[in-house]
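Here is query-v8.txt, consisting of compact mmCIF, C-alpha atoms:
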# COMPACT_ATOMS: atom_id res chain seq x y z
CA MET T 1 -23.88 3.08 51.17
CA ILE T 2 -24.80 -0.60 50.92
CA GLU T 3 -21.87 -2.83 50.03
CA SER T 4 -22.11 -5.41 47.31
CA PRO T 5 -22.43 -8.90 48.87
CA VAL T 6 -19.73 -10.18 46.56
CA LEU T 7 -17.34 -7.39 47.45
CA ALA T 8 -18.04 -7.79 51.19
CA SER T 9 -17.37 -11.53 51.15
CA SER T 10 -14.15 -10.92 49.25
CA ILE T 11 -12.93 -8.55 51.93
CA GLU T 12 -13.87 -10.87 54.81
CA SER T 13 -12.38 -13.99 53.21
CA PRO T 14 -9.55 -12.94 50.95
CA VAL T 15 -8.31 -15.39 48.37
CA PRO T 16 -4.67 -16.44 48.88
CA ALA T 17 -2.37 -14.50 46.58
CA SER T 18 -0.81 -17.69 45.28
CA SER T 19 -4.16 -18.83 43.85
CA ILE T 20 -4.89 -15.60 41.97
CA GLU T 21 -4.14 -15.90 38.29
CA PRO T 22 -2.67 -12.79 36.69
CA PRO T 23 -5.01 -11.05 34.26
CA VAL T 24 -4.57 -12.09 30.65
CA PRO T 25 -3.45 -9.05 28.64
CA ALA T 26 -5.67 -8.08 25.76
CA SER T 27 -4.21 -9.38 22.52
CA PRO T 28 -3.23 -6.67 20.04
CA ILE T 29 -5.42 -6.22 17.01
CA GLU T 30 -4.20 -8.43 14.20
CA PRO T 31 -3.15 -6.46 11.11
CA LEU T 32 -5.51 -6.85 8.18
CA VAL T 33 -2.57 -7.54 5.83
CA ARG T 34 0.69 -9.11 6.99
CA ILE T 35 3.52 -9.27 4.43
CA ASN T 36 6.44 -11.48 5.47
CA ASN T 37 9.68 -11.78 3.46
CA LEU T 38 7.71 -11.42 0.24
CA THR T 39 9.91 -12.02 -2.80
CA LYS T 40 9.22 -11.84 -6.53
CA HIS T 41 11.91 -12.72 -9.07
CA PHE T 42 11.64 -12.96 -12.84
CA ARG T 43 13.99 -15.23 -14.74
CA LEU T 44 15.70 -13.96 -17.90
CA GLY T 45 17.15 -16.87 -19.84
CA MET T 46 19.14 -19.51 -18.00
CA ARG T 47 21.30 -17.37 -15.68
CA ASP T 48 19.87 -13.88 -15.22
CA ILE T 49 17.32 -13.15 -12.51
CA VAL T 50 15.43 -9.87 -12.06
CA HIS T 51 15.15 -9.09 -8.35
CA ALA T 52 11.91 -7.12 -8.61
CA VAL T 53 10.95 -7.59 -4.92
CA ASP T 54 13.30 -9.01 -2.28
CA GLU T 55 12.22 -10.14 1.20
CA VAL T 56 9.81 -7.27 1.93
CA THR T 57 8.16 -7.37 5.36
CA PHE T 58 5.58 -5.00 6.85
CA ASP T 59 2.00 -4.93 8.13
CA ILE T 60 -1.04 -2.89 7.12
CA HIS T 61 -3.61 -2.32 9.84
CA GLN T 62 -7.35 -1.99 9.43
CA LYS T 63 -8.56 1.39 8.14
CA GLU T 64 -4.96 2.48 7.60
CA ILE T 65 -3.42 4.05 4.50
CA VAL T 66 0.20 3.06 3.88
CA GLY T 67 1.90 5.11 1.18
CA LEU T 68 4.51 3.26 -0.88
CA VAL T 69 7.09 5.47 -2.63
CA GLY T 70 10.26 5.10 -4.65
CA GLU T 71 11.64 5.77 -8.11
CA SER T 72 10.41 3.99 -11.21
CA GLY T 73 11.98 0.53 -11.20
CA SER T 74 12.01 0.23 -7.42
CA GLY T 75 9.44 -2.60 -7.43
CA LYS T 76 6.40 -0.79 -6.03
CA SER T 77 3.85 -1.95 -8.60
CA THR T 78 5.29 -5.48 -8.66
CA LEU T 79 4.95 -5.63 -4.88
CA GLY T 80 1.30 -4.53 -5.06
CA LYS T 81 0.45 -7.06 -7.77
CA THR T 82 2.23 -9.85 -5.89
CA ILE T 83 0.33 -9.05 -2.69
CA ILE T 84 -3.03 -9.26 -4.45
CA GLY T 85 -2.18 -12.38 -6.45
CA LEU T 86 -1.62 -10.98 -9.95
CA HIS T 87 1.98 -12.22 -9.73
CA THR T 88 2.97 -15.62 -8.36
CA LYS T 89 5.08 -15.33 -5.22
CA THR T 90 8.68 -16.52 -5.52
CA ALA T 91 9.04 -16.77 -1.74
CA GLY T 92 7.55 -15.37 1.45
CA SER T 93 3.91 -15.05 2.44
CA VAL T 94 0.93 -12.72 2.58
CA THR T 95 -1.65 -13.14 5.32
CA PHE T 96 -5.03 -11.46 4.85
CA ASP T 97 -7.37 -11.19 7.83
CA GLY T 98 -5.55 -14.06 9.53
CA VAL T 99 -5.63 -16.37 6.49
CA SER T 100 -2.50 -17.18 4.50
CA LEU T 101 -2.99 -16.44 0.80
CA PRO T 102 -1.81 -18.99 -1.78
CA SER T 103 1.49 -18.50 -3.62
CA ARG T 104 -0.29 -18.85 -6.95
CA PHE T 105 -3.84 -17.57 -7.41
CA SER T 106 -6.24 -19.71 -9.43
CA PRO T 107 -9.54 -18.41 -10.87
CA HIS T 108 -11.20 -19.89 -7.77
CA HIS T 109 -9.00 -17.75 -5.48
CA PHE T 110 -9.72 -14.57 -7.46
CA ARG T 111 -13.46 -15.21 -7.13
CA LYS T 112 -13.08 -16.02 -3.44
CA TYR T 113 -11.22 -12.83 -2.53
CA ALA T 114 -12.56 -10.39 -5.15
CA HIS T 115 -15.17 -8.92 -2.80
CA ARG T 116 -12.50 -8.35 -0.12
CA MET T 117 -9.42 -7.24 -2.10
CA GLN T 118 -9.37 -4.99 -5.16
CA MET T 119 -6.90 -2.93 -7.18
CA ILE T 120 -7.14 0.48 -8.83
CA PHE T 121 -4.76 0.52 -11.77
CA GLN T 122 -2.41 3.26 -12.89
CA ASP T 123 -3.53 3.89 -16.47
CA PRO T 124 -7.20 4.89 -16.76
CA TYR T 125 -6.98 4.54 -20.54
CA SER T 126 -5.78 0.93 -20.85
CA SER T 127 -7.47 -0.51 -17.75
CA LEU T 128 -11.03 -0.06 -19.08
CA ASN T 129 -12.41 -2.27 -21.85
CA PRO T 130 -13.24 0.10 -24.75
CA ARG T 131 -15.93 -2.28 -26.06
CA MET T 132 -17.94 -2.21 -22.83
CA THR T 133 -20.21 0.55 -21.64
CA VAL T 134 -19.52 2.22 -18.32
CA GLY T 135 -22.50 0.42 -16.81
CA GLU T 136 -21.15 -2.94 -17.96
CA ILE T 137 -17.66 -2.14 -16.64
CA ILE T 138 -18.82 -1.11 -13.19
CA GLY T 139 -21.44 -3.85 -12.93
CA GLU T 140 -19.22 -6.67 -14.19
CA GLY T 141 -17.86 -7.61 -10.74
CA PRO T 142 -21.24 -7.95 -9.00
CA LYS T 143 -22.60 -9.86 -11.99
CA LEU T 144 -19.74 -12.39 -11.99
CA LEU T 145 -19.78 -12.87 -8.23
CA ALA T 146 -23.54 -12.87 -7.69
CA SER T 147 -24.66 -15.90 -5.72
CA LYS T 148 -26.60 -16.79 -2.62
CA GLU T 149 -23.35 -16.65 -0.66
CA ASN T 150 -22.58 -13.14 -1.92
CA GLU T 151 -25.86 -11.35 -1.42
CA ARG T 152 -23.94 -8.27 -0.20
CA ILE T 153 -22.79 -7.62 -3.80
CA ALA T 154 -26.24 -6.63 -5.05
CA ALA T 155 -24.99 -3.12 -5.91
CA ASP T 156 -26.32 -0.51 -8.35
CA PRO T 157 -23.78 0.76 -10.96
CA LYS T 158 -25.72 4.02 -11.33
CA GLU T 159 -25.47 4.68 -7.60
CA TRP T 160 -21.72 4.10 -7.67
CA LEU T 161 -21.22 6.27 -10.72
CA GLU T 162 -22.87 9.10 -8.82
CA ARG T 163 -20.92 8.23 -5.69
CA VAL T 164 -17.62 8.93 -7.46
CA GLY T 165 -18.91 12.26 -8.73
CA LEU T 166 -20.13 11.36 -12.24
CA ASN T 167 -23.54 11.57 -13.88
CA GLY T 168 -25.56 8.46 -13.18
CA ASP T 169 -27.29 8.78 -16.55
CA HIS T 170 -24.02 8.11 -18.41
CA LEU T 171 -24.04 4.33 -17.88
CA SER T 172 -24.62 3.72 -21.60
CA ARG T 173 -21.55 5.70 -22.66
CA TYR T 174 -18.17 4.21 -23.57
CA PRO T 175 -14.77 4.99 -21.94
CA HIS T 176 -13.51 7.09 -24.88
CA GLU T 177 -16.28 9.60 -24.17
CA PHE T 178 -14.72 10.53 -20.81
CA SER T 179 -11.61 12.47 -19.76
CA GLY T 180 -8.68 10.85 -17.97
CA GLY T 181 -9.85 11.96 -14.55
CA GLN T 182 -13.37 10.72 -15.23
CA ARG T 183 -12.03 7.36 -16.41
CA GLN T 184 -10.04 7.00 -13.20
CA ARG T 185 -13.23 7.65 -11.25
CA ILE T 186 -14.88 4.88 -13.28
CA GLY T 187 -11.99 2.59 -12.33
CA ILE T 188 -12.47 3.51 -8.68
CA ALA T 189 -16.19 2.76 -8.91
CA ARG T 190 -15.46 -0.59 -10.57
CA ALA T 191 -13.14 -1.58 -7.69
CA LEU T 192 -15.23 -0.26 -4.81
CA ILE T 193 -18.67 -1.43 -5.94
CA LEU T 194 -17.76 -4.80 -4.41
CA GLU T 195 -17.22 -3.01 -1.06
CA PRO T 196 -13.78 -4.56 -0.44
CA ASP T 197 -11.89 -4.32 2.82
CA PHE T 198 -8.47 -3.78 1.22
CA VAL T 199 -7.60 -1.81 -1.92
CA ILE T 200 -4.24 -1.40 -3.64
CA CYS T 201 -4.04 1.92 -5.49
CA ASP T 202 -1.28 1.55 -8.09
CA GLU T 203 -0.29 5.14 -8.87
CA PRO T 204 -3.91 6.14 -9.50
CA ILE T 205 -3.05 9.83 -10.08
CA SER T 206 0.19 9.66 -12.08
CA ALA T 207 -1.58 9.83 -15.48
CA LEU T 208 -3.82 12.74 -14.44
CA ASP T 209 -3.45 16.51 -14.66
CA VAL T 210 -2.39 18.24 -11.46
CA SER T 211 -5.78 19.94 -11.18
CA VAL T 212 -7.50 16.52 -11.23
CA GLN T 213 -5.10 14.71 -8.88
CA ALA T 214 -6.35 16.49 -5.77
CA GLN T 215 -9.96 15.68 -6.69
CA VAL T 216 -9.19 11.96 -6.98
CA ILE T 217 -7.21 12.00 -3.72
CA ASN T 218 -10.05 13.72 -1.88
CA LEU T 219 -12.51 11.22 -3.35
CA LEU T 220 -10.44 8.29 -2.09
CA GLY T 221 -10.24 9.90 1.34
CA GLU T 222 -14.01 10.35 1.50
CA LEU T 223 -14.66 6.76 0.39
CA LYS T 224 -12.06 5.47 2.85
CA ASP T 225 -13.87 7.20 5.73
CA SER T 226 -17.37 6.12 4.62
CA LEU T 227 -16.47 2.50 3.79
CA GLY T 228 -13.72 1.89 6.35
CA LEU T 229 -11.21 0.97 3.64
CA THR T 230 -7.63 -0.13 4.16
CA LEU T 231 -5.35 1.17 1.40
CA LEU T 232 -1.87 0.57 0.03
CA PHE T 233 -1.31 3.79 -1.90
CA ILE T 234 1.50 3.59 -4.48
CA ALA T 235 2.67 6.90 -5.92
CA HIS T 236 5.60 9.07 -7.02
CA ASP T 237 4.35 12.38 -5.64
CA LEU T 238 5.74 12.41 -2.11
CA SER T 239 3.81 15.49 -1.05
CA MET T 240 0.56 13.84 -2.08
CA VAL T 241 1.55 10.60 -0.34
CA ARG T 242 2.26 12.48 2.89
CA TYR T 243 -1.12 14.17 2.63
CA VAL T 244 -3.11 10.96 2.20
CA SER T 245 -1.11 8.38 4.21
CA ASP T 246 -0.87 7.36 7.86
CA ARG T 247 2.53 5.73 7.29
CA ILE T 248 5.05 5.85 4.46
CA ALA T 249 7.13 2.91 3.22
CA VAL T 250 10.12 3.59 0.97
CA MET T 251 11.38 1.05 -1.57
CA TYR T 252 14.63 1.04 -3.50
CA LEU T 253 15.63 -1.56 -6.09
CA GLY T 254 13.18 -4.15 -4.76
CA SER T 255 14.00 -3.69 -1.10
CA LEU T 256 12.12 -1.92 1.71
CA ILE T 257 14.55 0.58 3.24
CA GLU T 258 12.44 2.83 5.50
CA LEU T 259 9.03 2.79 7.16
CA GLY T 260 7.41 5.11 9.66
CA PRO T 261 4.67 7.68 10.34
CA ALA T 262 4.09 9.86 7.29
CA ASP T 263 5.14 13.20 8.80
CA GLU T 264 8.21 11.70 10.48
CA VAL T 265 9.45 10.11 7.27
CA PHE T 266 8.76 13.25 5.26
CA PHE T 267 10.22 15.84 7.62
CA ASN T 268 12.85 13.69 9.34
CA PRO T 269 13.97 11.03 6.84
CA LYS T 270 16.65 8.69 8.14
CA HIS T 271 17.87 6.66 5.17
CA PRO T 272 20.16 8.62 2.80
CA TYR T 273 17.99 7.56 -0.15
CA THR T 274 14.84 8.88 1.51
CA GLN T 275 16.66 12.11 2.28
CA VAL T 276 17.69 12.79 -1.31
CA LEU T 277 14.38 11.49 -2.68
CA ILE T 278 12.36 13.88 -0.52
CA GLY T 279 14.87 16.68 -0.92
CA SER T 280 14.55 16.54 -4.69
CA ASN T 281 10.75 16.60 -4.55
CA PRO T 282 9.27 20.11 -5.05
CA GLU T 283 7.12 21.38 -2.19
CA PRO T 284 4.32 23.74 -3.31
CA ASP T 285 4.04 25.37 0.12
CA PRO T 286 6.96 27.85 0.58
CA LYS T 287 6.71 27.62 4.38
CA LEU T 288 7.15 23.85 4.32
CA GLU T 289 9.85 24.07 1.65
CA ARG T 290 12.09 26.04 4.02
CA THR T 291 11.90 23.28 6.63
CA ARG T 292 13.52 20.69 4.35
CA ALA T 293 16.98 20.48 2.90
CA SER T 294 17.02 20.70 -0.90
CA THR T 295 19.04 17.91 -2.51
CA LYS T 296 19.25 16.27 -5.89
CA ILE T 297 19.43 12.54 -6.36
CA GLN T 298 22.42 11.60 -8.51
CA GLY T 299 22.56 9.04 -11.31
CA GLU T 300 20.06 6.40 -12.39
CA ILE T 301 18.67 3.46 -10.46
CA PRO T 302 20.84 0.37 -11.21
CA SER T 303 19.64 -2.72 -13.02
CA PRO T 304 17.72 -5.20 -10.84
CA VAL T 305 19.34 -8.14 -12.67
CA ASN T 306 21.65 -10.37 -10.59
CA ILE T 307 22.02 -7.96 -7.67
CA GLN T 308 25.19 -8.42 -5.62
CA PRO T 309 25.49 -8.29 -1.79
CA GLY T 310 25.82 -4.93 -0.11
CA CYS T 311 23.58 -1.88 0.21
CA ARG T 312 21.67 -1.41 -3.02
CA PHE T 313 21.94 2.36 -2.75
CA ALA T 314 25.73 2.33 -2.24
CA SER T 315 26.58 3.39 -5.80
CA ARG T 316 24.54 6.61 -5.43
CA CYS T 317 24.77 7.27 -1.69
CA PRO T 318 26.50 10.48 -0.51
CA LYS T 319 27.33 8.78 2.84
CA VAL T 320 28.65 5.46 1.52
CA MET T 321 31.11 3.50 3.71
CA ASP T 322 33.29 0.48 2.99
CA GLU T 323 30.83 -1.75 4.83
CA CYS T 324 28.04 -0.67 2.47
CA LEU T 325 29.80 -2.25 -0.50
CA THR T 326 29.92 -5.76 0.94
CA THR T 327 27.24 -6.21 3.60
CA THR T 328 23.49 -5.86 3.10
CA PRO T 329 21.98 -3.76 5.96
CA GLU T 330 19.07 -5.21 7.92
CA LEU T 331 15.78 -3.39 8.41
CA ARG T 332 15.76 -2.47 12.10
CA ASN T 333 13.70 -0.37 14.49
CA ILE T 334 15.63 2.76 15.50
CA ALA T 335 12.80 4.43 17.47
CA SER T 336 13.55 5.22 21.12
CA ASN T 337 9.92 5.87 22.08
CA GLY T 338 8.64 2.34 21.52
CA HIS T 339 7.04 3.19 18.20
CA GLU T 340 7.97 1.60 14.90
CA ARG T 341 10.57 3.49 12.85
CA LEU T 342 12.30 1.06 10.54
CA VAL T 343 15.48 1.84 8.60
CA ALA T 344 17.85 -0.40 6.65
CA CYS T 345 21.16 1.46 6.83
CA HIS T 346 24.59 0.77 8.35
CA LEU T 347 24.62 4.31 9.78
CA TYR T 348 22.13 3.20 12.44
CA GLU T 349 23.67 -0.10 13.43
CA ASP T 350 25.19 -0.55 16.87
CA LYS T 351 28.94 -0.19 16.56
Just give me the structure as C-alpha cells.
Amino acid sequence: MIESPVLASSIESPVPASSIEPPVPASPIEPLVRINNLTKHFRLGMRDIVHAVDEVTFDIHQKEIVGLVGESGSGKSTLGKTIIGLHTKTAGSVTFDGVSLPSRFSPHHFRKYAHRMQMIFQDPYSSLNPRMTVGEIIGEGPKLLASKENERIAADPKEWLERVGLNGDHLSRYPHEFSGGQRQRIGIARALILEPDFVICDEPISALDVSVQAQVINLLGELKDSLGLTLLFIAHDLSMVRYVSDRIAVMYLGSLIELGPADEVFFNPKHPYTQVLIGSNPEPDPKLERTRASTKIQGEIPSPVNIQPGCRFASRCPKVMDECLTTTPELRNIASNGHERLVACHLYEDK
C-alpha cells in the first residue's frame, strides 16, 4: 500500500507535543427557543399583584415538542402568550434562534416574526372572524406579509385547506358552517400557511370531542414531521401530552416545578404535585393504568395574588415539611445519568 506523502512526513518528522493545539470540541446545537427567568405579573389596583408566571426557565430544541401541563390557573396560557409577544414581559428574556426578543412587541415586531412564530388558539369558535370566509382567514397572513423580502409566503389557501384534511372547494364558506373540529383545522391552516419554525399550541384540543381530539393530534404530528416544526404543546390531557411530546414541563401557580422526558415524567413523576396530577388522570389503557398509582388531588389551586415565600404546593402537598412553608425550592437537576431531569422540591435537596 502506498503511504500518503503527508502522513509519511508526519511520521518521519513528528511535531513536538507542546506545539499541538487540542482539538476544539464541537459546540452544542443552540436551542431554537431559550426562556430565561421569564416573569409576567398583572397589577390589580395599587397593592395587589397577580403572579401569573414567575421566573420560568427552560429551552426548546429544534424539531422538538415540549408538552406543558398543569391545572387551570397554573399560568400555562399566559406563559405561551408571553413567549410569543402577546403579553409584555415583566422580567426575564426569550431568545429565538439566537436573537433576544423585545420585552414589548410592536406591530413591526409582529410582522417581523410572524413567518417564524405562530400560535394555535384554544377556542376554535372565538378565534376565527365570523365575517371572513375561510379563504380570507387562511390567506390573511400571506397577504399582509407579502413583499419582495418574504417571497416564501406565496402560499395557496386551497392547498392548505386540503392539507389539514378539509375540502379545498370550501374556501367561500364562513366559520359557522363548520364543526368545532373543522374550525380547529382551519385555525391550524391559518397558523401553518406561513411555514413557521416555532408554533405554540394553546390547548388546541380542549374544546373538541374526544373522537376529534386524536384526529387533530395526529394531524399536528404529521405536519410536524413534514415541516420540521418545533412545538410548545399546552394541554390538560396528560395522556395525550405524553403521546405527542418529547419532553413534559409541569407548571403550578406560575412556577415551573418539573421537566423531563415525557415517559419518565409520566411513569416516574418526582414532584408530589406531578404525582397526584398524573395519578388523578384517567388512563384509557388498562395495562398502563395498573403501572401507575391512583391518587386524587385535594383542594383547589390557591390564588396567584401576592404569593408568599415557600413552596407554592405546600397547602395541598401530602408530603409537606416545615421547610416547605418558608423556603421556595429551587429547580435543580436530579438526574444521575447526565441527562436533564429538573425538579423543584425540598425532598430532593442535599441534606
Selected residue, from T:Leu145, T:Ile188, T:Leu227, T:Ile60, that lies nearest to Asp123 (chain T) when counting only C-alpha atoms: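 Once distances to Asp123 (chain T) are computed over only C-alpha atoms, the minimum belongs to T:Ile188.
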Residue among T:Ala91, T:Ala114, T:Leu232, T:Leu101 lying closest to His61 (chain T), counting only C-alpha atoms: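 Distance minimum relative to His61 (chain T) lands on T:Leu232.
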Neighbour residues at most 8 Å from (19.3, 15.1, -6.9) (all atoms listed in the file) as a list in words: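 Checked against the point, the hits come out as Val276, Leu277, Gly279, Ser280, Thr295, Lys296, Ile297 and Gln298 of chain T.
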Region 74-76 of chain T environment, 6 Å, all atoms listed in the file, sequence neighbours closer than 5 positions dropped, as a JSON list (two decimals) with C-alpha atoms, in the frame of the given file:
[["chain", "number", "residue", "atom", "x", "y", "z"],
["T", 52, "ALA", "CA", 11.91, -7.12, -8.61],
["T", 53, "VAL", "CA", 10.95, -7.59, -4.92],
["T", 251, "MET", "CA", 11.38, 1.05, -1.57],
["T", 252, "TYR", "CA", 14.63, 1.04, -3.50],
["T", 253, "LEU", "CA", 15.63, -1.56, -6.09],
["T", 254, "GLY", "CA", 13.18, -4.15, -4.76]]
Interatomic distance, CA of Glu222 (chain T) to CA of Asp156 (chain T) (Å, one decimal): 19.1 Å
Nearest-residue call for Val94 (chain T), choices T:Glu159, T:Glu55, T:Glu300, T:Glu340, using all atoms listed in the file: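 Counting all atoms listed in the file, the residue closest to Val94 (chain T) is T:Glu55.
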Restrict the calculation to all atoms listed in the file, then for each residue of region 91-140 of chain T with any atom at most 7 Å from an atom of region 163-181 of chain T give the closest atom pair and their distance in Å to one decimal, rows by chain and rising residue number, as a Markdown table.
| residue | atom | partner | partner_atom | distance |
| --- | --- | --- | --- | --- |
| T:Pro124 | CA | T:Gly180 | CA | 6.3 |
| T:Leu128 | CA | T:Pro175 | CA | 6.9 |
| T:Pro130 | CA | T:Pro175 | CA | 5.8 |
| T:Met132 | CA | T:Tyr174 | CA | 6.5 |
| T:Thr133 | CA | T:Tyr174 | CA | 4.6 |
| T:Val134 | CA | T:Leu171 | CA | 5.0 |
| T:Gly135 | CA | T:Leu171 | CA | 4.3 |
Any chance you can output those residues with C-alpha atoms as a short mmCIF file (atom, residue, chain, number, x, y, z; two decimals), in the coordinates of the input?
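To be explicit, this is the file written out as out-v7.cif:
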data_model
loop_
_atom_site.label_atom_id
_atom_site.label_comp_id
_atom_site.auth_asym_id
_atom_site.auth_seq_id
_atom_site.Cartn_x
_atom_site.Cartn_y
_atom_site.Cartn_z
CA PRO T 124 -7.20 4.89 -16.76
CA LEU T 128 -11.03 -0.06 -19.08
CA PRO T 130 -13.24 0.10 -24.75
CA MET T 132 -17.94 -2.21 -22.83
CA THR T 133 -20.21 0.55 -21.64
CA VAL T 134 -19.52 2.22 -18.32
CA GLY T 135 -22.50 0.42 -16.81
#
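Between CA of Tyr273 (chain T) and CA of Leu331 (chain T) lies a distance of 14.1 Å.
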Please produce, as JSON lines, a per-residue contact table for region 10-111 of chain T versus region 302-307 of chain T (criterion: any atom at most 12 Å away, all atoms listed in the file considered), showing the nearest atom pair and its distance in Å to one decimal, sorted by chain then residue number.
{"residue": "T:Lys40", "atom": "CA", "partner": "T:Pro304", "partner_atom": "CA", "distance": 11.6}
{"residue": "T:His41", "atom": "CA", "partner": "T:Val305", "partner_atom": "CA", "distance": 9.4}
{"residue": "T:Phe42", "atom": "CA", "partner": "T:Val305", "partner_atom": "CA", "distance": 9.1}
{"residue": "T:Arg43", "atom": "CA", "partner": "T:Val305", "partner_atom": "CA", "distance": 9.1}
{"residue": "T:Leu44", "atom": "CA", "partner": "T:Val305", "partner_atom": "CA", "distance": 8.6}
{"residue": "T:Gly45", "atom": "CA", "partner": "T:Val305", "partner_atom": "CA", "distance": 11.5}
{"residue": "T:Arg47", "atom": "CA", "partner": "T:Asn306", "partner_atom": "CA", "distance": 8.7}
{"residue": "T:Asp48", "atom": "CA", "partner": "T:Asn306", "partner_atom": "CA", "distance": 6.1}
{"residue": "T:Ile49", "atom": "CA", "partner": "T:Val305", "partner_atom": "CA", "distance": 5.4}
{"residue": "T:Val50", "atom": "CA", "partner": "T:Val305", "partner_atom": "CA", "distance": 4.3}
{"residue": "T:His51", "atom": "CA", "partner": "T:Pro304", "partner_atom": "CA", "distance": 5.3}
{"residue": "T:Ala52", "atom": "CA", "partner": "T:Pro304", "partner_atom": "CA", "distance": 6.5}
{"residue": "T:Val53", "atom": "CA", "partner": "T:Pro304", "partner_atom": "CA", "distance": 9.3}
{"residue": "T:Asp54", "atom": "CA", "partner": "T:Ile307", "partner_atom": "CA", "distance": 10.3}
{"residue": "T:Glu71", "atom": "CA", "partner": "T:Pro302", "partner_atom": "CA", "distance": 11.1}
{"residue": "T:Ser72", "atom": "CA", "partner": "T:Pro302", "partner_atom": "CA", "distance": 11.0}
{"residue": "T:Gly73", "atom": "CA", "partner": "T:Pro304", "partner_atom": "CA", "distance": 8.1}
{"residue": "T:Ser74", "atom": "CA", "partner": "T:Pro304", "partner_atom": "CA", "distance": 8.6}
{"residue": "T:Gly75", "atom": "CA", "partner": "T:Pro304", "partner_atom": "CA", "distance": 9.3}
Restricted to C-alpha atoms, what would the selected residues look like written as an mmCIF file, in the coordinates of the input?
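See result.cif below for the written result:
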data_model
loop_
_atom_site.group_PDB
_atom_site.id
_atom_site.type_symbol
_atom_site.label_atom_id
_atom_site.label_comp_id
_atom_site.auth_asym_id
_atom_site.auth_seq_id
_atom_site.Cartn_x
_atom_site.Cartn_y
_atom_site.Cartn_z
ATOM 1 C CA LYS T 40 9.220 -11.840 -6.530
ATOM 2 C CA HIS T 41 11.910 -12.720 -9.070
ATOM 3 C CA PHE T 42 11.640 -12.960 -12.840
ATOM 4 C CA ARG T 43 13.990 -15.230 -14.740
ATOM 5 C CA LEU T 44 15.700 -13.960 -17.900
ATOM 6 C CA GLY T 45 17.150 -16.870 -19.840
ATOM 7 C CA ARG T 47 21.300 -17.370 -15.680
ATOM 8 C CA ASP T 48 19.870 -13.880 -15.220
ATOM 9 C CA ILE T 49 17.320 -13.150 -12.510
ATOM 10 C CA VAL T 50 15.430 -9.870 -12.060
ATOM 11 C CA HIS T 51 15.150 -9.090 -8.350
ATOM 12 C CA ALA T 52 11.910 -7.120 -8.610
ATOM 13 C CA VAL T 53 10.950 -7.590 -4.920
ATOM 14 C CA ASP T 54 13.300 -9.010 -2.280
ATOM 15 C CA GLU T 71 11.640 5.770 -8.110
ATOM 16 C CA SER T 72 10.410 3.990 -11.210
ATOM 17 C CA GLY T 73 11.980 0.530 -11.200
ATOM 18 C CA SER T 74 12.010 0.230 -7.420
ATOM 19 C CA GLY T 75 9.440 -2.600 -7.430
#
Residue neighbourhood Cys201 (chain T), 7 Å, all atoms listed in the file, exclusion window fewer than 6 positions, as a PDB file with C-alpha atoms, in the frame of the given file:
ATOM      1  CA  MET T 119      -6.900  -2.930  -7.180  1.00  0.00           C
ATOM      2  CA  ILE T 120      -7.140   0.480  -8.830  1.00  0.00           C
ATOM      3  CA  PHE T 121      -4.760   0.520 -11.770  1.00  0.00           C
ATOM      4  CA  LEU T 232      -1.870   0.570   0.030  1.00  0.00           C
ATOM      5  CA  PHE T 233      -1.310   3.790  -1.900  1.00  0.00           C
ATOM      6  CA  ILE T 234       1.500   3.590  -4.480  1.00  0.00           C
TER       7      ILE T 234
END
Which of T:Asp197, T:Glu258, T:Asp209, T:Glu264 sits closest to Arg242 (chain T) [using all atoms listed in the file]: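 Of T:Asp197, T:Glu258, T:Asp209, T:Glu264, the one nearest Arg242 (chain T) is T:Glu264, counting all atoms listed in the file.
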Gap from CA of Thr230 (chain T) to CA of Pro272 (chain T) - Å, one decimal: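 Result for CA of Thr230 (chain T) versus CA of Pro272 (chain T): 29.2 Å, one decimal.
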Axis-aligned box for region 88-104 of chain T, 3 Å per side, centre and edges in Å as lines of an AutoDock Vina configuration file:
center_x = 0.8
center_y = -15.1
center_z = 0.6
size_x = 22.4
size_y = 13.8
size_z = 23.9
Top pick for closest residue to Gln308 (chain T), considering T:Val241, T:Ala214, T:Val320, T:Leu325 and counting all atoms listed in the file: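 Result for the nearest residue to Gln308 (chain T): T:Leu325.
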Among the residues T:Asp202, T:Glu140, T:Asp322, T:Asp263, the one that comes closest to Ile84 (chain T) [using all atoms listed in the file]: T:Asp202
Residues within 7 Å of Pro196 (chain T), only C-alpha atoms, excluding chain neighbours under 6 positions, as a list of chain:residue names: T:His115, T:Arg116, T:Met117, T:Gln118
Just to be explicit: take each residue in the selection above, keep C-alpha atoms, and write the result as a PDB file, in the frame of the given file.
ATOM      1  CA  HIS T 115     -15.170  -8.920  -2.800  1.00  0.00           C
ATOM      2  CA  ARG T 116     -12.500  -8.350  -0.120  1.00  0.00           C
ATOM      3  CA  MET T 117      -9.420  -7.240  -2.100  1.00  0.00           C
ATOM      4  CA  GLN T 118      -9.370  -4.990  -5.160  1.00  0.00           C
TER       5      GLN T 118
END
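For Leu86 (chain T), the set of protein, DNA and RNA residues having any atom at most 12 Å away, when counting only C-alpha atoms and skipping those fewer than 5 positions along the same chain, is Lys40, Ser77, Thr78, Leu79, Gly80, Lys81, Pro102, Ser103, Arg104, Phe105, Ser106, Pro107, His109, Phe110, Ala114, Met117, Gln118, Met119 and Ile200 of chain T.
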